[in-house]
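Shown next: target_22.cif, given as mmCIF, C-alpha atoms.
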```cif
data_data
loop_
_atom_site.label_atom_id
_atom_site.label_comp_id
_atom_site.auth_asym_id
_atom_site.auth_seq_id
_atom_site.Cartn_x
_atom_site.Cartn_y
_atom_site.Cartn_z
CA MET A 213 126.24 111.22 93.57
CA SER A 214 124.27 108.97 91.25
CA ASP A 215 124.37 105.86 93.47
CA ASP A 216 123.33 107.96 96.42
CA THR A 217 120.49 109.51 94.42
CA PHE A 218 119.40 106.13 93.11
CA ALA A 219 119.21 104.71 96.63
CA TRP A 220 117.11 107.65 97.71
CA VAL A 221 114.81 107.47 94.69
CA ARG A 222 114.39 103.73 95.10
CA ALA A 223 113.41 104.11 98.75
CA GLN A 224 110.86 106.82 97.91
CA LEU A 225 109.38 104.90 95.00
CA ALA A 226 109.09 101.80 97.16
CA GLY A 227 107.18 103.77 99.76
CA VAL A 228 104.83 105.47 97.29
CA LEU A 229 104.18 102.34 95.23
CA GLY A 230 104.12 99.89 98.13
CA LEU A 231 106.83 97.71 96.59
CA PRO A 232 109.93 96.05 98.09
CA GLU A 233 113.03 98.07 97.23
CA ASP A 234 114.56 94.99 95.63
CA ASP A 235 111.85 95.08 92.96
CA ILE A 236 113.11 98.46 91.75
CA ALA A 237 116.17 98.51 89.50
CA ARG A 238 117.87 101.36 87.70
CA GLY A 239 116.53 100.09 84.41
CA SER A 240 112.96 99.58 85.64
CA ARG A 241 110.38 101.25 83.47
CA LEU A 242 108.12 103.28 85.73
CA ALA A 243 104.82 102.45 84.07
CA ASP A 244 105.43 99.08 82.43
CA ASP A 245 107.50 97.44 85.19
CA LEU A 246 106.41 99.25 88.35
CA ASP A 247 102.83 100.17 87.41
CA ALA A 248 103.44 103.75 88.49
CA ASP A 249 101.31 106.60 87.17
CA SER A 250 101.85 110.35 86.84
CA ILE A 251 100.43 111.02 90.30
CA ASP A 252 102.96 108.63 91.87
CA LEU A 253 105.73 110.49 90.13
CA ILE A 254 104.44 113.88 91.26
CA GLU A 255 104.58 112.61 94.84
CA VAL A 256 108.22 111.53 94.46
CA VAL A 257 109.14 114.74 92.65
CA ASN A 258 107.70 116.75 95.51
CA LYS A 259 109.69 114.72 98.04
CA ALA A 260 112.89 115.23 96.01
CA GLU A 261 112.34 118.97 95.78
CA VAL A 262 111.91 119.22 99.53
CA ALA A 263 114.74 116.83 100.44
CA PHE A 264 117.35 118.33 98.13
CA GLY A 265 116.17 121.93 97.89
CA ILE A 266 115.83 121.70 94.14
CA GLU A 267 113.14 122.48 91.59
CA ILE A 268 112.33 120.07 88.79
CA PRO A 269 110.62 121.78 85.85
CA GLU A 270 107.54 119.99 84.54
CA ASP A 271 108.81 120.06 80.98
CA ASP A 272 111.80 117.95 82.00
CA LEU A 273 109.56 115.52 83.79
CA TYR A 274 106.90 114.64 81.28
CA ASP A 275 109.04 112.64 78.88
CA ILE A 276 110.88 110.35 81.27
CA GLU A 277 110.07 106.65 81.21
CA SER A 278 112.54 104.87 83.52
CA VAL A 279 113.93 105.03 87.05
CA ASP A 280 117.36 105.81 85.65
CA GLU A 281 116.06 108.77 83.67
CA PHE A 282 114.47 110.13 86.81
CA VAL A 283 117.68 109.62 88.82
CA GLN A 284 119.62 111.53 86.15
CA LEU A 285 117.09 114.33 86.28
CA VAL A 286 117.41 114.67 90.05
CA ASP A 287 121.20 114.39 89.84
CA ALA A 288 121.43 117.18 87.29
CA ARG A 289 119.38 119.45 89.52
CA ARG A 290 121.40 118.53 92.62
CA THR A 291 124.57 119.42 90.78
CA ASP A 292 123.10 122.80 89.82
CA ALA A 293 121.86 123.52 93.33
CA MET B 223 68.89 126.49 94.07
CA ASP B 224 66.86 129.61 93.64
CA ARG B 225 65.71 129.38 90.02
CA SER B 226 64.97 133.08 89.93
CA ARG B 227 68.63 134.02 90.30
CA SER B 228 69.81 136.44 87.66
CA ASP B 229 72.33 135.41 85.05
CA ARG B 230 74.82 137.71 86.74
CA ASP B 231 74.34 135.90 90.05
CA VAL B 232 74.81 132.53 88.36
CA LYS B 233 78.03 133.76 86.75
CA ALA B 234 79.28 135.04 90.11
CA ALA B 235 78.52 131.67 91.70
CA GLN B 236 80.34 129.91 88.88
CA ALA B 237 83.41 132.13 89.37
CA SER B 238 83.35 131.47 93.12
CA ASN B 239 83.16 127.72 92.58
CA PHE B 240 86.33 127.62 90.54
CA ASP B 241 88.16 130.10 92.73
CA ASP B 242 87.26 127.95 95.73
CA LEU B 243 88.86 125.02 93.95
CA ASN B 244 91.93 127.07 93.11
CA GLU B 245 92.32 127.92 96.78
CA ILE B 246 92.07 124.25 97.77
CA VAL B 247 94.83 123.28 95.33
CA ASP B 248 96.99 126.34 95.93
CA GLY B 249 100.26 125.46 97.65
CA THR B 250 99.83 121.69 97.34
CA PRO B 251 102.27 119.49 95.40
CA PHE B 252 99.61 119.17 92.69
CA ASP B 253 99.15 122.90 92.13
CA ARG B 254 101.55 123.35 89.23
CA HIS B 255 100.68 119.98 87.67
CA LEU B 256 96.91 120.49 87.75
CA ARG B 257 96.46 122.18 84.40
CA PHE B 258 93.23 120.52 83.29
CA LEU B 259 89.83 120.32 84.92
CA ASN B 260 87.93 118.48 82.19
CA PHE B 261 86.64 114.91 82.43
CA GLY B 262 88.88 113.56 79.68
CA TYR B 263 88.53 111.16 76.77
CA ARG B 264 89.60 107.53 77.08
CA VAL B 265 90.51 105.87 73.79
CA LEU B 266 88.42 102.70 73.52
CA ASP B 267 89.42 99.38 71.97
CA GLY B 268 89.77 99.69 68.21
CA GLU B 269 90.16 103.47 68.29
CA THR B 270 93.29 105.35 67.33
CA PRO B 271 94.36 108.16 69.68
CA ARG B 272 94.76 111.62 68.19
CA GLY B 273 97.63 114.01 68.70
CA PRO B 274 101.22 113.40 69.80
CA LYS B 275 102.18 110.40 71.90
CA LEU B 276 102.51 111.50 75.52
CA GLY B 277 104.96 109.94 77.96
CA PHE B 278 103.73 108.03 80.99
CA ALA B 279 104.57 110.92 83.32
CA PHE B 280 102.40 113.38 81.45
CA PRO B 281 99.59 114.26 83.86
CA ASN B 282 95.94 114.01 82.81
CA LYS B 283 96.57 112.27 79.51
CA ASP B 284 92.84 111.70 79.10
CA SER B 285 92.27 115.45 79.39
CA ALA B 286 94.90 116.07 76.74
CA GLN B 287 93.27 113.47 74.52
CA LEU B 288 89.92 115.25 74.90
CA LEU B 289 91.52 118.39 73.52
CA PHE B 290 93.16 116.48 70.66
CA GLN B 291 89.80 114.89 69.82
CA THR B 292 88.12 118.30 69.93
CA ILE B 293 90.75 119.82 67.65
CA GLY B 294 90.51 116.94 65.19
CA ASP B 295 92.26 117.86 61.94
CA THR B 296 91.94 121.62 62.48
CA PRO B 297 95.20 123.32 61.45
CA LEU B 298 96.64 125.43 64.28
CA ASP B 299 100.07 126.52 63.06
CA GLY B 300 100.12 130.27 62.52
CA ARG B 301 96.60 130.62 63.90
CA ARG B 302 95.26 133.01 66.53
CA VAL B 303 93.72 130.73 69.15
CA VAL B 304 91.22 131.87 71.78
CA GLU B 305 89.90 129.66 74.53
CA VAL B 306 86.76 130.69 76.37
CA GLY B 307 86.61 129.05 79.77
CA CYS B 308 90.36 128.37 79.82
CA GLY B 309 90.39 127.36 83.48
CA ARG B 310 93.94 126.69 84.67
CA GLY B 311 95.34 126.99 81.15
CA GLY B 312 96.07 123.37 80.26
CA ASN B 313 94.53 123.40 76.80
CA LEU B 314 96.37 126.49 75.62
CA TRP B 315 99.61 125.27 77.17
CA LEU B 316 99.16 122.05 75.20
CA VAL B 317 98.30 123.92 72.01
CA ARG B 318 101.49 125.98 72.22
CA ARG B 319 103.56 122.93 73.21
CA TYR B 320 102.72 121.10 70.00
CA HIS B 321 101.82 123.85 67.51
CA GLU B 322 103.47 127.03 66.26
CA VAL B 323 100.43 129.20 66.82
CA ALA B 324 100.48 132.98 66.30
CA TRP B 325 99.28 133.58 69.83
CA THR B 326 96.82 132.30 72.38
CA ALA B 327 94.30 134.17 74.50
CA GLY B 328 92.58 132.58 77.47
CA ILE B 329 89.37 134.01 78.91
CA ASP B 330 87.82 132.80 82.15
CA ILE B 331 85.25 134.06 84.62
CA ALA B 332 87.34 132.96 87.63
CA ALA B 333 89.98 135.51 88.58
CA GLY B 334 91.99 132.89 90.47
CA SER B 335 92.25 130.72 87.37
CA ILE B 336 93.47 133.64 85.26
CA ALA B 337 95.99 134.58 87.95
CA HIS B 338 97.28 131.00 87.92
CA CYS B 339 97.59 131.05 84.11
CA ALA B 340 99.36 134.40 84.11
CA LYS B 341 101.82 133.13 86.71
CA THR B 342 102.56 129.74 85.15
CA GLN B 343 102.39 130.80 81.50
CA ASP B 344 103.90 134.26 81.56
CA ARG B 345 105.02 134.83 77.97
CA PRO B 346 104.32 137.45 75.32
CA ASP B 347 102.36 135.14 73.04
CA ALA B 348 99.98 134.05 75.80
CA LEU B 349 97.33 136.57 76.78
CA TRP B 350 95.00 136.09 79.74
CA ALA B 351 91.90 138.00 80.77
CA VAL B 352 89.04 137.69 83.22
CA GLY B 353 85.77 137.81 81.34
CA GLY B 354 82.35 136.29 80.84
CA ALA B 355 81.66 133.99 77.91
CA GLU B 356 78.48 135.88 77.07
CA ASP B 357 80.29 139.22 76.79
CA LEU B 358 83.78 138.48 75.50
CA PRO B 359 86.41 141.20 75.95
CA LEU B 360 87.66 140.62 72.40
CA ALA B 361 87.41 142.49 69.09
CA SER B 362 85.23 141.09 66.33
CA GLY B 363 86.98 138.79 63.87
CA ILE B 364 90.16 138.52 65.94
CA ALA B 365 90.34 134.72 66.25
CA ASP B 366 91.05 131.97 63.75
CA VAL B 367 90.16 129.26 66.25
CA LEU B 368 87.91 129.45 69.29
CA VAL B 369 88.09 126.58 71.76
CA ASN B 370 85.41 125.90 74.36
CA VAL B 371 85.85 122.69 76.34
CA GLU B 372 83.58 121.64 79.19
CA SER B 373 82.63 125.14 80.12
CA GLY B 374 79.45 126.03 78.25
CA ALA B 375 77.24 123.75 80.34
CA THR B 376 77.60 126.18 83.22
CA TYR B 377 76.59 129.25 81.20
CA PRO B 378 73.16 130.62 82.10
CA ASP B 379 72.63 131.90 78.54
CA ILE B 380 74.36 129.64 76.03
CA GLU B 381 72.91 131.44 73.01
CA ARG B 382 74.67 134.65 74.00
CA PHE B 383 77.94 132.72 74.19
CA PHE B 384 77.46 131.20 70.73
CA ARG B 385 76.70 134.64 69.30
CA GLU B 386 79.84 136.02 70.91
CA ALA B 387 81.95 133.09 69.70
CA VAL B 388 80.83 133.66 66.12
CA ARG B 389 81.43 137.41 66.46
CA VAL B 390 85.06 137.06 67.49
CA LEU B 391 85.84 134.43 64.84
CA ALA B 392 87.19 135.62 61.51
CA VAL B 393 85.48 134.33 58.37
CA GLY B 394 86.96 130.88 57.77
CA GLY B 395 87.70 130.54 61.49
CA ARG B 396 86.72 127.46 63.43
CA LEU B 397 84.76 126.81 66.60
CA LEU B 398 85.94 123.75 68.54
CA TYR B 399 83.34 122.88 71.13
CA ALA B 400 83.14 119.99 73.60
CA ASP B 401 80.64 119.74 76.42
CA ILE B 402 77.82 118.11 78.31
CA VAL B 403 74.63 118.98 76.47
CA ARG B 404 71.07 117.92 77.18
CA HIS B 405 70.24 115.14 74.72
CA ASP B 406 67.44 117.12 73.07
CA LEU B 407 69.48 120.32 72.71
CA VAL B 408 72.33 119.03 70.54
CA ASP B 409 70.41 119.59 67.28
CA PRO B 410 68.99 122.98 68.37
CA TYR B 411 72.52 124.16 69.23
CA CYS B 412 73.77 123.09 65.79
CA ARG B 413 70.84 124.83 64.07
CA LEU B 414 71.57 127.92 66.14
CA LEU B 415 75.16 127.95 64.93
CA GLU B 416 74.04 127.52 61.32
CA ARG B 417 71.69 130.50 61.66
CA LEU B 418 74.70 132.53 62.80
CA GLY B 419 76.66 131.69 59.67
CA MET B 420 78.51 128.57 60.79
CA ALA B 421 78.82 125.33 58.83
CA ILE B 422 78.86 122.22 61.01
CA ASP B 423 81.87 120.19 59.90
CA ASP B 424 81.62 117.43 62.46
CA GLN B 425 79.49 116.51 65.43
CA ARG B 426 80.18 113.48 67.63
CA ASP B 427 78.73 111.87 70.71
CA ILE B 428 81.74 110.90 72.86
CA SER B 429 79.83 110.03 76.04
CA ALA B 430 81.19 106.47 76.16
CA ASN B 431 84.78 107.74 75.99
CA VAL B 432 84.24 110.30 78.74
CA VAL B 433 82.48 107.74 80.95
CA ALA B 434 85.43 105.39 80.47
CA ALA B 435 87.90 108.15 81.36
CA ARG B 436 86.03 108.94 84.55
CA ASP B 437 85.60 105.28 85.54
CA GLU B 438 89.31 104.73 85.05
CA ARG B 439 90.85 107.84 86.59
CA ALA B 440 88.46 110.02 88.60
CA GLU B 441 88.93 108.37 91.96
CA ARG B 442 92.72 108.50 91.68
CA GLN B 443 92.67 112.12 90.56
CA GLN B 444 90.83 113.11 93.70
CA LEU B 445 94.21 113.00 95.45
CA ALA B 446 94.78 116.47 94.03
CA PHE B 447 91.93 117.70 96.24
CA ALA B 448 93.01 115.87 99.38
CA THR B 449 93.34 119.11 101.33
CA ALA B 450 89.63 119.91 100.95
CA SER B 451 87.63 119.69 104.14
CA PRO B 452 85.74 116.42 104.67
CA GLN B 453 82.42 118.14 104.23
CA ASP B 454 83.47 119.25 100.73
CA ARG B 455 84.21 115.76 99.47
CA ALA B 456 80.93 115.64 97.55
CA THR B 457 81.86 118.76 95.63
CA MET B 458 85.35 117.45 94.93
CA ALA B 459 83.68 114.34 93.53
CA GLU B 460 81.76 116.60 91.13
CA PHE B 461 84.89 118.43 89.99
CA SER B 462 86.47 115.02 89.38
CA GLY B 463 83.39 113.58 87.68
CA LEU B 464 83.59 110.63 90.02
CA THR B 465 81.54 107.59 89.03
CA GLY B 466 78.11 108.10 90.59
CA SER B 467 78.43 111.86 91.04
CA VAL B 468 75.59 114.11 89.90
CA LEU B 469 77.34 115.33 86.75
CA TYR B 470 78.58 111.83 85.88
CA ARG B 471 75.07 110.47 86.10
CA GLU B 472 73.77 113.20 83.81
CA PHE B 473 75.92 112.27 80.85
CA ALA B 474 76.39 108.56 81.65
CA GLY B 475 72.68 107.98 82.05
CA GLY B 476 71.56 109.54 78.78
CA ALA B 477 69.73 112.66 80.02
CA HIS B 478 72.70 114.60 78.72
CA ARG B 479 75.29 113.66 76.14
CA TYR B 480 78.96 114.58 75.97
CA VAL B 481 79.43 115.96 72.46
CA THR B 482 82.08 117.60 70.31
CA VAL B 483 81.26 120.01 67.50
CA GLN B 484 83.59 121.48 64.90
CA ALA B 485 82.10 124.33 62.91
CA THR B 486 83.52 126.83 60.41
CA LYS B 487 82.41 130.42 59.98
CA ARG B 488 81.51 130.44 56.29
CA ALA B 489 80.47 134.09 56.03
CA GLU B 490 79.80 137.22 58.04
CA VAL B 491 76.09 137.03 58.75
CA ALA B 492 74.15 139.72 60.59
CA PRO B 493 72.88 137.90 63.66
CA PRO B 494 69.10 137.80 64.00
CA ALA B 495 67.71 140.39 66.39
CA ASP B 496 65.34 137.85 67.85
CA ARG B 497 66.33 134.89 69.92
CA ILE B 498 67.08 131.73 67.94
CA LEU B 499 66.53 129.17 70.68
CA THR B 500 62.91 128.88 71.70
CA GLU B 501 61.88 129.86 75.20
CA GLU B 502 61.51 126.19 76.11
CA GLU B 503 64.97 125.37 74.76
CA ARG B 504 66.46 128.24 76.72
CA ALA B 505 64.78 126.98 79.88
CA ARG B 506 66.15 123.48 79.33
CA SER B 507 69.63 124.85 78.74
CA ARG B 508 69.38 127.01 81.82
CA ALA B 509 68.36 123.95 83.84
CA THR B 510 71.63 122.27 82.85
CA SER B 511 73.52 125.35 84.01
CA ASP B 512 71.69 125.24 87.33
CA ILE B 513 72.58 121.57 87.81
CA ALA B 514 76.24 122.20 87.03
CA VAL B 515 76.68 125.32 89.12
CA GLU B 516 74.91 123.76 92.09
CA ALA B 517 76.91 120.54 91.86
CA LEU B 518 80.18 122.49 91.80
CA THR B 519 79.35 124.68 94.79
CA LEU B 520 81.29 123.76 97.91
CA THR B 521 79.14 121.91 100.40
CA SER B 522 80.43 124.15 103.16
CA ARG B 523 79.35 127.18 101.15
CA ALA B 524 75.95 125.86 100.14
CA GLY B 525 75.08 124.24 103.44
CA ARG B 526 74.57 120.82 101.94
CA SER B 527 75.33 117.66 103.91
CA ASP B 528 77.47 114.60 103.36
CA ALA B 529 74.28 112.75 102.53
CA ASP B 530 74.82 114.12 99.03
CA LEU B 531 78.01 112.12 98.57
CA PRO B 532 77.84 109.88 95.50
CA SER B 533 77.04 106.28 96.26
CA SER B 534 79.94 104.67 94.37
#
```
As structure tokens, please, write out the structure in this file.
Amino acid sequence: MSDDTFAWVRAQLAGVLGLPEDDIARGSRLADDLDADSIDLIEVVNKAEVAFGIEIPEDDLYDIESVDEFVQLVDARRTDA
Amino acid sequence: MDRSRSDRDVKAAQASNFDDLNEIVDGTPFDRHLRFLNFGYRVLDGETPRGPKLGFAFPNKDSAQLLFQTIGDTPLDGRRVVEVGCGRGGNLWLVRRYHEVAWTAGIDIAAGSIAHCAKTQDRPDALWAVGGAEDLPLASGIADVLVNVESGATYPDIERFFREAVRVLAVGGRLLYADIVRHDLVDPYCRLLERLGMAIDDQRDISANVVAARDERAERQQLAFATASPQDRATMAEFSGLTGSVLYREFAGGAHRYVTVQATKRAEVAPPADRILTEEERARSRATSDIAVEALTLTSRAGRSDADLPSS
């Protein structure tokens, strides 16, 4: 599921941030590499919750730093759903 | 604004303003993430941030930093913490996230804000109540720490609030205050607190930090209010403290200052029967309240026009 989730997350991040998908790697750091902020992430979280029928608790969200950490977070919730 | 409005009417208008905002945010993707409504504190070059390091995804980091700056070195573990004007509960959520407090109690005049807090922070050590700052629904001496962040400027009678804050603090308890204050009322407010038995431990002018926070983030944060009607954009700019808005100009231009005060209740002192602030000081304080309440009233409710939009 992880590759599938990564592809989805990458497409959403590219849309929200206005970046080519190729600029977004699993190891990309959301703030330092992609210049994302917390509002960008909230937008992607909301899209994920709607698309996958999951709920991502805020407490899990606030400490993530990288695309991969976010993918793992979504994956864990998809598995539970 | 009708300057003859009673304090009760001003309080009702203030409650409506924040409940209007709650309705605008309700059901949007930002609802559960919008915990703070303060203007924030941006750490400037050469300064060291206070409090725990927050990850990039933590929303409203400047707002969290404002609370950490207001707390300063005040110990919170084991303490009974009250916040007057708790809004959507961000400060108390943050306090409990990073400190082992005894309990927290949030008081706010806006029923919608308290409902939001009770829903999102439903736990036995977090108490929530609708109430006015000038008539707190709390027993005397019940709090070790009383927090008041960016709320007092809207109060029509700030002296009554300060008297109430001192009443509910235990001896040795601490008032942590941060707000927009008219430049010539900072010293009178501190003298007022001293007359009520408080010792001023620290008082800072943080206007430059708040201006920097607004310049950096206010426009972006307006996304949270994107569902507001176009005619209410001016009011949303005020809630955001957008560069050029009425409230921004007040503290960025020098007429008001953004200050923090930490004060300790050194003894139980019978409060003077007579007013401490002079009539003129009360009028100046009330004028600030009028500015704030009017600025935060929805344009659609007040009948203002888009001509009032800030120029930035």
Name the closest residue to chain B among the candidates A:Phe264, A:Asp249, A:Val279, A:Arg290; distances are taken between atoms, counting only C-alpha atoms.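 When distances to chain B are compared using only C-alpha atoms, the smallest one comes from A:Asp249.
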If we count all atoms listed in the file and set the cut-off at 7 Å, which residues sit around Ala351 of chain B, ignoring sequence neighbours fewer than 3 positions away in its own chain? Please answer as a ChimeraX atom specification. /B:328-330,336
Quick one: apply the PyMOL selection byres ((chain A) within 6 of (chain B)) to the file and drop the selected residues here as a ChimeraX atom specification. /A:250,274-275
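Using all atoms listed in the file, the residues found no farther than 8 Å from Val403 of chain B, other than those of its own chain fewer than 2 positions away, are B:Ala375, B:Asp401, B:His405, B:Leu407, B:Val408, B:His478, B:Arg479, B:Tyr480, B:Val481, B:Thr510.
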Can you translate the PyMOL selection byres ((chain B and resi 244) around 12) into the concrete residues it hits in this file, as a ChimeraX atom specification? /B:237-243,245-250,252-254,256-259,309-310,332-339,446-447,449-450,458,461
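Computed from the coordinates, the atom CA of Ala234 of chain B to atom CA of Ile498 of chain B distance equals 25.5 Å.
Around segment 236-239 of chain A, within 8 Å and counting all atoms listed in the file, the residues found are Phe218, Arg222, Ala226, Leu246, Ser278, Val279 and Asp280 of chain A, once anything fewer than 6 positions away on its own chain is removed.
Residues matched by the PyMOL selection byres ((chain B and resi 297) around 10) in this file are B:Ile293, B:Gly294, B:Asp295, B:Thr296, B:Leu298, B:Asp299, B:Gly300, B:Arg301, B:His321, B:Val323, B:Asp366, B:Val367, B:Arg396.
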Selection above as a file: C-alpha atoms, as a CSV table (one decimal), in the frame of the given file:
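Result file result.csv:
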```csv
chain,number,residue,atom,x,y,z
B,293,ILE,CA,90.8,119.8,67.6
B,294,GLY,CA,90.5,116.9,65.2
B,295,ASP,CA,92.3,117.9,61.9
B,296,THR,CA,91.9,121.6,62.5
B,298,LEU,CA,96.6,125.4,64.3
B,299,ASP,CA,100.1,126.5,63.1
B,300,GLY,CA,100.1,130.3,62.5
B,301,ARG,CA,96.6,130.6,63.9
B,321,HIS,CA,101.8,123.8,67.5
B,323,VAL,CA,100.4,129.2,66.8
B,366,ASP,CA,91.0,132.0,63.8
B,367,VAL,CA,90.2,129.3,66.2
B,396,ARG,CA,86.7,127.5,63.4
```
What is the atom CA of Glu277 of chain A-atom CA of Asp247 of chain A distance in Å, reported with one decimal? 11.5 Å
Show which residues sit within 12 Å of Ile266 of chain A, as a PyMOL selection string. Count all atoms listed in the file, and ignore same-chain residues fewer than 5 positions away. chain A and resi 257-261+285-293
Please identify all polymer residues within 10 Å of Ser507 of chain B, counting only C-alpha atoms, omitting same-chain residues fewer than 5 positions from it, and present them as a PDB file with C-alpha atoms, in the coordinates of the input.
```pdb
ATOM      1  CA  GLY B 374      79.450 126.030  78.250  1.00  0.00           C
ATOM      2  CA  ALA B 375      77.240 123.750  80.340  1.00  0.00           C
ATOM      3  CA  THR B 376      77.600 126.180  83.220  1.00  0.00           C
ATOM      4  CA  TYR B 377      76.590 129.250  81.200  1.00  0.00           C
ATOM      5  CA  PRO B 378      73.160 130.620  82.100  1.00  0.00           C
ATOM      6  CA  ASP B 379      72.630 131.900  78.540  1.00  0.00           C
ATOM      7  CA  ILE B 380      74.360 129.640  76.030  1.00  0.00           C
ATOM      8  CA  GLU B 381      72.910 131.440  73.010  1.00  0.00           C
ATOM      9  CA  VAL B 403      74.630 118.980  76.470  1.00  0.00           C
ATOM     10  CA  ARG B 404      71.070 117.920  77.180  1.00  0.00           C
ATOM     11  CA  ASP B 406      67.440 117.120  73.070  1.00  0.00           C
ATOM     12  CA  LEU B 407      69.480 120.320  72.710  1.00  0.00           C
ATOM     13  CA  TYR B 411      72.520 124.160  69.230  1.00  0.00           C
ATOM     14  CA  LEU B 499      66.530 129.170  70.680  1.00  0.00           C
ATOM     15  CA  GLU B 501      61.880 129.860  75.200  1.00  0.00           C
ATOM     16  CA  GLU B 502      61.510 126.190  76.110  1.00  0.00           C
ATOM     17  CA  ASP B 512      71.690 125.240  87.330  1.00  0.00           C
TER      18      ASP B 512
END
```
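Here atom CA of Glu460 of chain B is placed at a distance of 22.8 Å from atom CA of Gln291 of chain B.
Across B:Glu503, B:Glu269, B:Glu441, B:Glu356, the tightest approach to Ser373 of chain B is made by B:Glu356 when counting only C-alpha atoms.
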From the set B:Asp454, B:Glu472, B:Glu490, B:Asp357, which residue has the shortest atom-to-atom contact distance to Arg417 of chain B, counting all atoms listed in the file?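 Counting all atoms listed in the file, the residue closest to Arg417 of chain B is B:Glu490.
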